[in-house]
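S.K.: Take this structure first; my questions come after.
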Amino acid sequence: MDASDALARAWGELVATARRTVADGLVVGTSGNVSVRVGDTVLVTPTGVPYDRLTPDDAVGVGLDGRQVLGSLRPTSELPMHLAVYRATGARAVVHTHAVHATAVSTLVPELPPIHYMAGALGGAVRVAPYATYGTEELARNMLAALADRTACLLQNHGTVAHGATLAQAYDRTAQLEWMCRVWLTASSMPGLTPTLLSRAQLAEAEERLRGYGQQ
């Protein structure tokens with residue numbers, strides 16, 4: 001597969017993933033964004049364009065320095081956040097959403113309480129990055145600190161960020177994070193009762209076991 005074919009295929013997968021975030025209720029309208037790295041090119045969703053209108057001719061790509069190298073549509077305003085992940089990690093895909101339950105949790109606590117062992121699949125307890133204006137380098141820096149040794153984090157009063165080796169993995173981590181936030185909010189809403197939480201040791205044990213989970 002040559003470079004142009006690889007980019008075209010990746011763009012198709014990116015658009016499908018972006019549309020899935022809407023279909024699954026993780027974003028509303030054009031909120032949130034998706035990216036995937038192909039070599040030294042980062043394909044990203046464009047700013048302000050409904051995902052159901054995107055076509056193969058609408059591909060948007062930038063270099064790791066942020067310079068646009070593909071397409072005429074402007075990249076997402078959250079480009080600094082996406083590029084920060086690629087520069088700092090081995091990630092090949094990033095999904096950012098404004099998922100309802102995760103965003104709600106981001107306004108309540110500095111870290112998602114360890115309500116379920118699947119937090120281990122994200123590297124451990126999920127941190128909340130301090131608030132900063134969207135699309136800024138400050139937000140990107142706050143996000144990277146929260147992502148240290150993790151594959152997902154919450155953005156205070158904003159949403160979620162998750163990365164992975166593939167778009168499918170980044171999306172699955174996003175969905176898992178939203179589910180855990182929903183579980184914690186649901187359990188916390190019971191009058192007179194306090195959710196049982198996992199200890200650091202229990203979470204670490206789960207993380208170790210999850211490394212070998214699934215078909216290898």
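We label chains A, B, ... in the order they appear in the structure tokens, count residues from 1 in each chain, and number ligands from 1 in the order shown.
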Apply DSSP to the structure's backbone, then extract all residues of stretch 53-121 of chain A labelled alpha helix (DSSP H) and return them as a ChimeraX atom specification.
M.R.: /A:79-88,100-106
S.K.: Could those selected residues go to a file with N, CA, C and O atoms, as a PDB file, in the first residue's frame?
M.R.:
ATOM      1  N   LEU A  79      -6.110  21.104  17.884  1.00  0.00           N
ATOM      2  CA  LEU A  79      -4.899  20.528  17.304  1.00  0.00           C
ATOM      3  C   LEU A  79      -3.719  20.504  18.273  1.00  0.00           C
ATOM      4  O   LEU A  79      -2.994  19.500  18.320  1.00  0.00           O
ATOM      5  N   PRO A  80      -3.463  21.563  19.064  1.00  0.00           N
ATOM      6  CA  PRO A  80      -2.325  21.512  19.987  1.00  0.00           C
ATOM      7  C   PRO A  80      -2.385  20.316  20.942  1.00  0.00           C
ATOM      8  O   PRO A  80      -1.352  19.722  21.263  1.00  0.00           O
ATOM      9  N   MET A  81      -3.587  19.953  21.373  1.00  0.00           N
ATOM     10  CA  MET A  81      -3.739  18.834  22.285  1.00  0.00           C
ATOM     11  C   MET A  81      -3.383  17.512  21.599  1.00  0.00           C
ATOM     12  O   MET A  81      -2.656  16.683  22.146  1.00  0.00           O
ATOM     13  N   HIS A  82      -3.875  17.329  20.393  1.00  0.00           N
ATOM     14  CA  HIS A  82      -3.581  16.106  19.648  1.00  0.00           C
ATOM     15  C   HIS A  82      -2.083  15.979  19.375  1.00  0.00           C
ATOM     16  O   HIS A  82      -1.484  14.919  19.585  1.00  0.00           O
ATOM     17  N   LEU A  83      -1.471  17.050  18.896  1.00  0.00           N
ATOM     18  CA  LEU A  83      -0.048  17.003  18.578  1.00  0.00           C
ATOM     19  C   LEU A  83       0.795  16.746  19.821  1.00  0.00           C
ATOM     20  O   LEU A  83       1.813  16.050  19.752  1.00  0.00           O
ATOM     21  N   ALA A  84       0.373  17.304  20.955  1.00  0.00           N
ATOM     22  CA  ALA A  84       1.121  17.084  22.194  1.00  0.00           C
ATOM     23  C   ALA A  84       1.167  15.604  22.541  1.00  0.00           C
ATOM     24  O   ALA A  84       2.197  15.084  22.985  1.00  0.00           O
ATOM     25  N   VAL A  85       0.060  14.901  22.326  1.00  0.00           N
ATOM     26  CA  VAL A  85       0.029  13.457  22.610  1.00  0.00           C
ATOM     27  C   VAL A  85       1.004  12.718  21.704  1.00  0.00           C
ATOM     28  O   VAL A  85       1.784  11.877  22.158  1.00  0.00           O
ATOM     29  N   TYR A  86       0.991  13.035  20.409  1.00  0.00           N
ATOM     30  CA  TYR A  86       1.864  12.330  19.463  1.00  0.00           C
ATOM     31  C   TYR A  86       3.343  12.613  19.729  1.00  0.00           C
ATOM     32  O   TYR A  86       4.184  11.733  19.563  1.00  0.00           O
ATOM     33  N   ARG A  87       3.647  13.837  20.117  1.00  0.00           N
ATOM     34  CA  ARG A  87       5.049  14.183  20.377  1.00  0.00           C
ATOM     35  C   ARG A  87       5.573  13.513  21.638  1.00  0.00           C
ATOM     36  O   ARG A  87       6.763  13.209  21.735  1.00  0.00           O
ATOM     37  N   ALA A  88       4.689  13.270  22.610  1.00  0.00           N
ATOM     38  CA  ALA A  88       5.128  12.774  23.911  1.00  0.00           C
ATOM     39  C   ALA A  88       4.972  11.267  24.085  1.00  0.00           C
ATOM     40  O   ALA A  88       5.547  10.690  25.012  1.00  0.00           O
ATOM     41  N   VAL A 100     -21.052  13.115  28.461  1.00  0.00           N
ATOM     42  CA  VAL A 100     -21.822  13.728  29.549  1.00  0.00           C
ATOM     43  C   VAL A 100     -21.334  13.325  30.939  1.00  0.00           C
ATOM     44  O   VAL A 100     -21.028  14.180  31.785  1.00  0.00           O
ATOM     45  N   HIS A 101     -21.272  12.029  31.210  1.00  0.00           N
ATOM     46  CA  HIS A 101     -20.925  11.587  32.558  1.00  0.00           C
ATOM     47  C   HIS A 101     -19.467  11.906  32.904  1.00  0.00           C
ATOM     48  O   HIS A 101     -19.171  12.314  34.028  1.00  0.00           O
ATOM     49  N   ALA A 102     -18.584  11.740  31.942  1.00  0.00           N
ATOM     50  CA  ALA A 102     -17.175  12.051  32.180  1.00  0.00           C
ATOM     51  C   ALA A 102     -16.981  13.549  32.431  1.00  0.00           C
ATOM     52  O   ALA A 102     -16.215  13.948  33.315  1.00  0.00           O
ATOM     53  N   THR A 103     -17.676  14.376  31.667  1.00  0.00           N
ATOM     54  CA  THR A 103     -17.562  15.822  31.865  1.00  0.00           C
ATOM     55  C   THR A 103     -18.113  16.203  33.230  1.00  0.00           C
ATOM     56  O   THR A 103     -17.545  17.061  33.933  1.00  0.00           O
ATOM     57  N   ALA A 104     -19.211  15.579  33.633  1.00  0.00           N
ATOM     58  CA  ALA A 104     -19.766  15.854  34.957  1.00  0.00           C
ATOM     59  C   ALA A 104     -18.762  15.503  36.051  1.00  0.00           C
ATOM     60  O   ALA A 104     -18.534  16.286  36.992  1.00  0.00           O
ATOM     61  N   VAL A 105     -18.143  14.330  35.946  1.00  0.00           N
ATOM     62  CA  VAL A 105     -17.158  13.919  36.946  1.00  0.00           C
ATOM     63  C   VAL A 105     -15.983  14.896  36.983  1.00  0.00           C
ATOM     64  O   VAL A 105     -15.453  15.207  38.060  1.00  0.00           O
ATOM     65  N   SER A 106     -15.598  15.427  35.830  1.00  0.00           N
ATOM     66  CA  SER A 106     -14.452  16.343  35.777  1.00  0.00           C
ATOM     67  C   SER A 106     -14.682  17.616  36.576  1.00  0.00           C
ATOM     68  O   SER A 106     -13.733  18.328  36.914  1.00  0.00           O
TER      69      SER A 106
END
S.K.: Can you tell me, as a PyMOL selection string, what residues are no more than 8 Å from A:Ala152 when counting only C-alpha atoms, ignoring any on the same chain fewer than 6 positions away?
M.R.: chain A and resi 122+126+160-163+173-174+177
S.K.: Can you tell me how far atom CA of A:Ala119 sits from atom CA of A:Val95, in Å to one decimal?
M.R.: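 Atom-to-atom, atom CA of A:Ala119 and atom CA of A:Val95 are spaced 17.3 Å apart.
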S.K.: List the spatial neighbours of A:Ala132 as a compact mmCIF listing (two decimals) with all heavy atoms, in the first residue's frame - criterion: any atom at most 12 Å away, only C-alpha atoms, same-chain residues fewer than 6 positions off excluded.
M.R.:
# COMPACT_ATOMS: atom_id res chain seq x y z
N GLU A 78 -8.60 22.02 18.52
CA GLU A 78 -7.86 21.30 19.56
C GLU A 78 -6.59 20.65 19.04
O GLU A 78 -6.03 19.76 19.68
CB GLU A 78 -8.76 20.23 20.20
CG GLU A 78 -9.96 20.76 20.94
CD GLU A 78 -9.60 21.47 22.23
OE1 GLU A 78 -8.41 21.75 22.46
OE2 GLU A 78 -10.53 21.74 23.01
N MET A 81 -3.59 19.95 21.37
CA MET A 81 -3.74 18.83 22.29
C MET A 81 -3.38 17.51 21.60
O MET A 81 -2.66 16.68 22.15
CB MET A 81 -5.18 18.81 22.80
CG MET A 81 -5.39 17.98 24.03
SD MET A 81 -6.95 18.40 24.87
CE MET A 81 -8.15 18.03 23.58
N GLU A 138 -1.72 25.78 26.93
CA GLU A 138 -1.87 25.53 28.36
C GLU A 138 -2.71 24.27 28.59
O GLU A 138 -2.37 23.43 29.43
CB GLU A 138 -2.52 26.72 29.05
CG GLU A 138 -2.70 26.52 30.55
CD GLU A 138 -3.45 27.64 31.24
OE1 GLU A 138 -3.97 28.53 30.53
OE2 GLU A 138 -3.53 27.64 32.48
N LEU A 139 -3.79 24.14 27.85
CA LEU A 139 -4.62 22.94 27.97
C LEU A 139 -3.83 21.70 27.58
O LEU A 139 -3.91 20.66 28.24
CB LEU A 139 -5.87 23.06 27.10
CG LEU A 139 -6.78 21.82 27.07
CD1 LEU A 139 -7.26 21.46 28.47
CD2 LEU A 139 -7.95 22.05 26.13
N ALA A 140 -3.05 21.81 26.51
CA ALA A 140 -2.23 20.68 26.07
C ALA A 140 -1.24 20.27 27.16
O ALA A 140 -1.04 19.08 27.41
CB ALA A 140 -1.50 21.04 24.78
N ARG A 141 -0.62 21.24 27.82
CA ARG A 141 0.33 20.93 28.89
C ARG A 141 -0.37 20.27 30.08
O ARG A 141 0.12 19.29 30.64
CB ARG A 141 1.05 22.21 29.35
CG ARG A 141 2.06 22.76 28.34
CD ARG A 141 2.94 23.81 28.99
NE ARG A 141 2.18 24.97 29.46
CZ ARG A 141 1.89 26.03 28.71
NH1 ARG A 141 2.29 26.09 27.45
NH2 ARG A 141 1.21 27.05 29.23
N ASN A 142 -1.51 20.82 30.46
CA ASN A 142 -2.25 20.24 31.58
C ASN A 142 -2.66 18.80 31.27
O ASN A 142 -2.61 17.92 32.14
CB ASN A 142 -3.50 21.07 31.88
CG ASN A 142 -3.16 22.45 32.44
OD1 ASN A 142 -2.01 22.73 32.77
ND2 ASN A 142 -4.16 23.30 32.54
N MET A 143 -3.09 18.58 30.04
CA MET A 143 -3.50 17.24 29.62
C MET A 143 -2.34 16.27 29.70
O MET A 143 -2.49 15.14 30.20
CB MET A 143 -4.05 17.29 28.20
CG MET A 143 -4.36 15.93 27.59
SD MET A 143 -4.26 15.96 25.79
CE MET A 143 -2.49 16.30 25.56
N LEU A 155 -10.65 16.14 31.31
CA LEU A 155 -10.32 17.56 31.22
C LEU A 155 -11.36 18.32 32.02
O LEU A 155 -12.56 18.22 31.73
CB LEU A 155 -10.33 18.03 29.77
CG LEU A 155 -9.48 17.24 28.77
CD1 LEU A 155 -9.70 17.77 27.36
CD2 LEU A 155 -8.00 17.33 29.15
N GLN A 156 -10.94 19.06 33.01
CA GLN A 156 -11.89 19.72 33.91
C GLN A 156 -12.87 20.62 33.17
O GLN A 156 -12.46 21.44 32.33
CB GLN A 156 -11.12 20.53 34.96
CG GLN A 156 -11.98 21.07 36.08
CD GLN A 156 -11.15 21.83 37.09
OE1 GLN A 156 -10.54 22.85 36.78
NE2 GLN A 156 -11.11 21.32 38.32
N ASN A 157 -14.15 20.46 33.46
CA ASN A 157 -15.22 21.25 32.83
C ASN A 157 -15.15 21.20 31.31
O ASN A 157 -15.49 22.17 30.62
CB ASN A 157 -15.17 22.71 33.29
CG ASN A 157 -15.46 22.85 34.77
OD1 ASN A 157 -14.57 22.65 35.60
ND2 ASN A 157 -16.70 23.20 35.09
N HIS A 158 -14.72 20.05 30.77
CA HIS A 158 -14.50 19.98 29.32
C HIS A 158 -14.85 18.62 28.74
O HIS A 158 -15.73 18.52 27.89
CB HIS A 158 -13.04 20.35 29.03
CG HIS A 158 -12.72 20.51 27.59
ND1 HIS A 158 -11.66 21.29 27.14
CD2 HIS A 158 -13.27 19.98 26.47
CE1 HIS A 158 -11.62 21.24 25.81
NE2 HIS A 158 -12.58 20.44 25.39
N GLY A 159 -14.16 17.55 29.15
CA GLY A 159 -14.43 16.26 28.53
C GLY A 159 -13.36 15.23 28.76
O GLY A 159 -12.76 15.15 29.84
S.K.: Find the distance between atom CA of A:Leu198 and atom CA of A:Ile115 and write it in Å to one decimal.
M.R.: 6.3 Å
S.K.: Just list as a count of residues only whatever in stretch 98-212 of chain A DSSP marks as strand (DSSP E or B).
M.R.: 14
S.K.: Using only C-alpha atoms, find the one residue out of A:Trp179, A:Tyr117, A:Tyr51, A:Tyr171 that sits nearest to A:Val15.
M.R.: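 The answer is A:Tyr51, which sits nearest to A:Val15.
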S.K.: So how many Å separate atom CA of A:Ala59 and atom CA of A:Ala93, to one decimal?
M.R.: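 Separation between atom CA of A:Ala59 and atom CA of A:Ala93: 15.6 Å.
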S.K.: May I ask which of the residues A:Ala129, A:Cys181, A:Ala170, A:Leu108 is the closest one to A:Val36, counting only C-alpha atoms?
M.R.: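 Residue with the minimum atom-to-atom distance to A:Val36: A:Ala170.
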S.K.: A:Thr55, A:Thr97, A:Thr41, A:Thr17: which is nearest A:Ala3, counting only C-alpha atoms?
M.R.: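 Between A:Thr55, A:Thr97, A:Thr41, A:Thr17, the residue approaching A:Ala3 most closely is A:Thr41.
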S.K.: Contacts of A:Pro56 at 10 Å or less, counting only C-alpha atoms, minus same-chain residues fewer than 3 places along, as a ChimeraX atom specification?
M.R.: /A:8-9,11-12,15,59-60
S.K.: Those residues you just picked out, can you put them in a file as a PDB file, in the first residue's frame with N, CA and C atoms?
M.R.:
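Dumped everything to result-v9.pdb:
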ATOM      1  N   ALA A   8      -5.669   7.563   2.629  1.00  0.00           N
ATOM      2  CA  ALA A   8      -7.089   7.465   2.281  1.00  0.00           C
ATOM      3  C   ALA A   8      -7.805   6.467   3.187  1.00  0.00           C
ATOM      4  N   ARG A   9      -7.161   5.345   3.438  1.00  0.00           N
ATOM      5  CA  ARG A   9      -7.776   4.326   4.304  1.00  0.00           C
ATOM      6  C   ARG A   9      -7.906   4.846   5.727  1.00  0.00           C
ATOM      7  N   TRP A  11      -8.102   7.961   6.683  1.00  0.00           N
ATOM      8  CA  TRP A  11      -9.119   9.000   6.730  1.00  0.00           C
ATOM      9  C   TRP A  11     -10.516   8.371   6.824  1.00  0.00           C
ATOM     10  N   GLY A  12     -10.748   7.314   6.080  1.00  0.00           N
ATOM     11  CA  GLY A  12     -12.031   6.627   6.155  1.00  0.00           C
ATOM     12  C   GLY A  12     -12.307   6.101   7.550  1.00  0.00           C
ATOM     13  N   VAL A  15     -13.096   9.126   9.918  1.00  0.00           N
ATOM     14  CA  VAL A  15     -14.462   9.635   9.752  1.00  0.00           C
ATOM     15  C   VAL A  15     -15.467   8.682  10.394  1.00  0.00           C
ATOM     16  N   ALA A  59     -10.173  15.274   3.462  1.00  0.00           N
ATOM     17  CA  ALA A  59      -9.088  14.886   4.369  1.00  0.00           C
ATOM     18  C   ALA A  59      -8.246  16.094   4.756  1.00  0.00           C
ATOM     19  N   VAL A  60      -7.939  16.169   6.063  1.00  0.00           N
ATOM     20  CA  VAL A  60      -7.110  17.250   6.607  1.00  0.00           C
ATOM     21  C   VAL A  60      -5.913  16.611   7.299  1.00  0.00           C
TER      22      VAL A  60
END
S.K.: So, counting only C-alpha atoms, which residue among A:Asp40, A:Leu167, A:Val128, A:Ser72 is closest to A:Ala10?
M.R.: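 Using only C-alpha atoms, the shortest distance to A:Ala10 belongs to A:Leu167.
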S.K.: Counting only C-alpha atoms, which of A:Arg67, A:Arg127, A:Ala187, A:Asp24 gets nearest to A:Ala175?
M.R.: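 Checking each of A:Arg67, A:Arg127, A:Ala187, A:Asp24 against A:Ala175, counting only C-alpha atoms, the winner is A:Asp24.
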S.K.: Show which residues sit within 7 Å of A:Gly124, as a list in words. Count only C-alpha atoms, and ignore same-chain residues fewer than 5 positions away.
M.R.: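 Within the cut-off, the hits are Ala119, Arg150, Leu203 and Glu207 of chain A.
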S.K.: Using N, CA, C and O atoms, can you export the residues from the last selection as a short mmCIF file (atom, residue, chain, number, x, y, z; two decimals), in the first residue's frame?
M.R.:
data_model
loop_
_atom_site.label_atom_id
_atom_site.label_comp_id
_atom_site.auth_asym_id
_atom_site.auth_seq_id
_atom_site.Cartn_x
_atom_site.Cartn_y
_atom_site.Cartn_z
N ALA A 119 -10.22 0.55 35.34
CA ALA A 119 -9.31 1.70 35.35
C ALA A 119 -7.89 1.22 35.09
O ALA A 119 -7.06 1.96 34.53
N ARG A 150 -0.53 7.08 31.70
CA ARG A 150 -1.93 6.74 31.49
C ARG A 150 -2.25 6.81 29.99
O ARG A 150 -1.50 7.41 29.21
N LEU A 203 -6.12 -2.05 42.42
CA LEU A 203 -6.09 -1.48 41.09
C LEU A 203 -4.81 -1.88 40.36
O LEU A 203 -4.84 -2.21 39.17
N GLU A 207 -4.48 -3.98 36.91
CA GLU A 207 -3.71 -3.46 35.78
C GLU A 207 -2.75 -4.52 35.25
O GLU A 207 -2.61 -4.71 34.04
#
S.K.: I'd like to know which of A:Thr30, A:Ser4, A:Thr133, A:Thr107 is closest to A:Thr76, using only C-alpha atoms.
M.R.: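 Using only C-alpha atoms, the shortest distance to A:Thr76 belongs to A:Thr30.
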S.K.: Can you tell me which residues surround A:Gly48 at a distance of at most 12 Å, considering only C-alpha atoms, apart from same-chain residues fewer than 5 positions away, and format the answer as a list in words?
M.R.: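 Contacts, with the query itself left out: Val28, Gly29, Thr30, Ser31, Gly32, Asn33, Arg53, Leu54, Leu73, Arg74, Pro75, Thr76, Ser77 and Glu78 of chain A.
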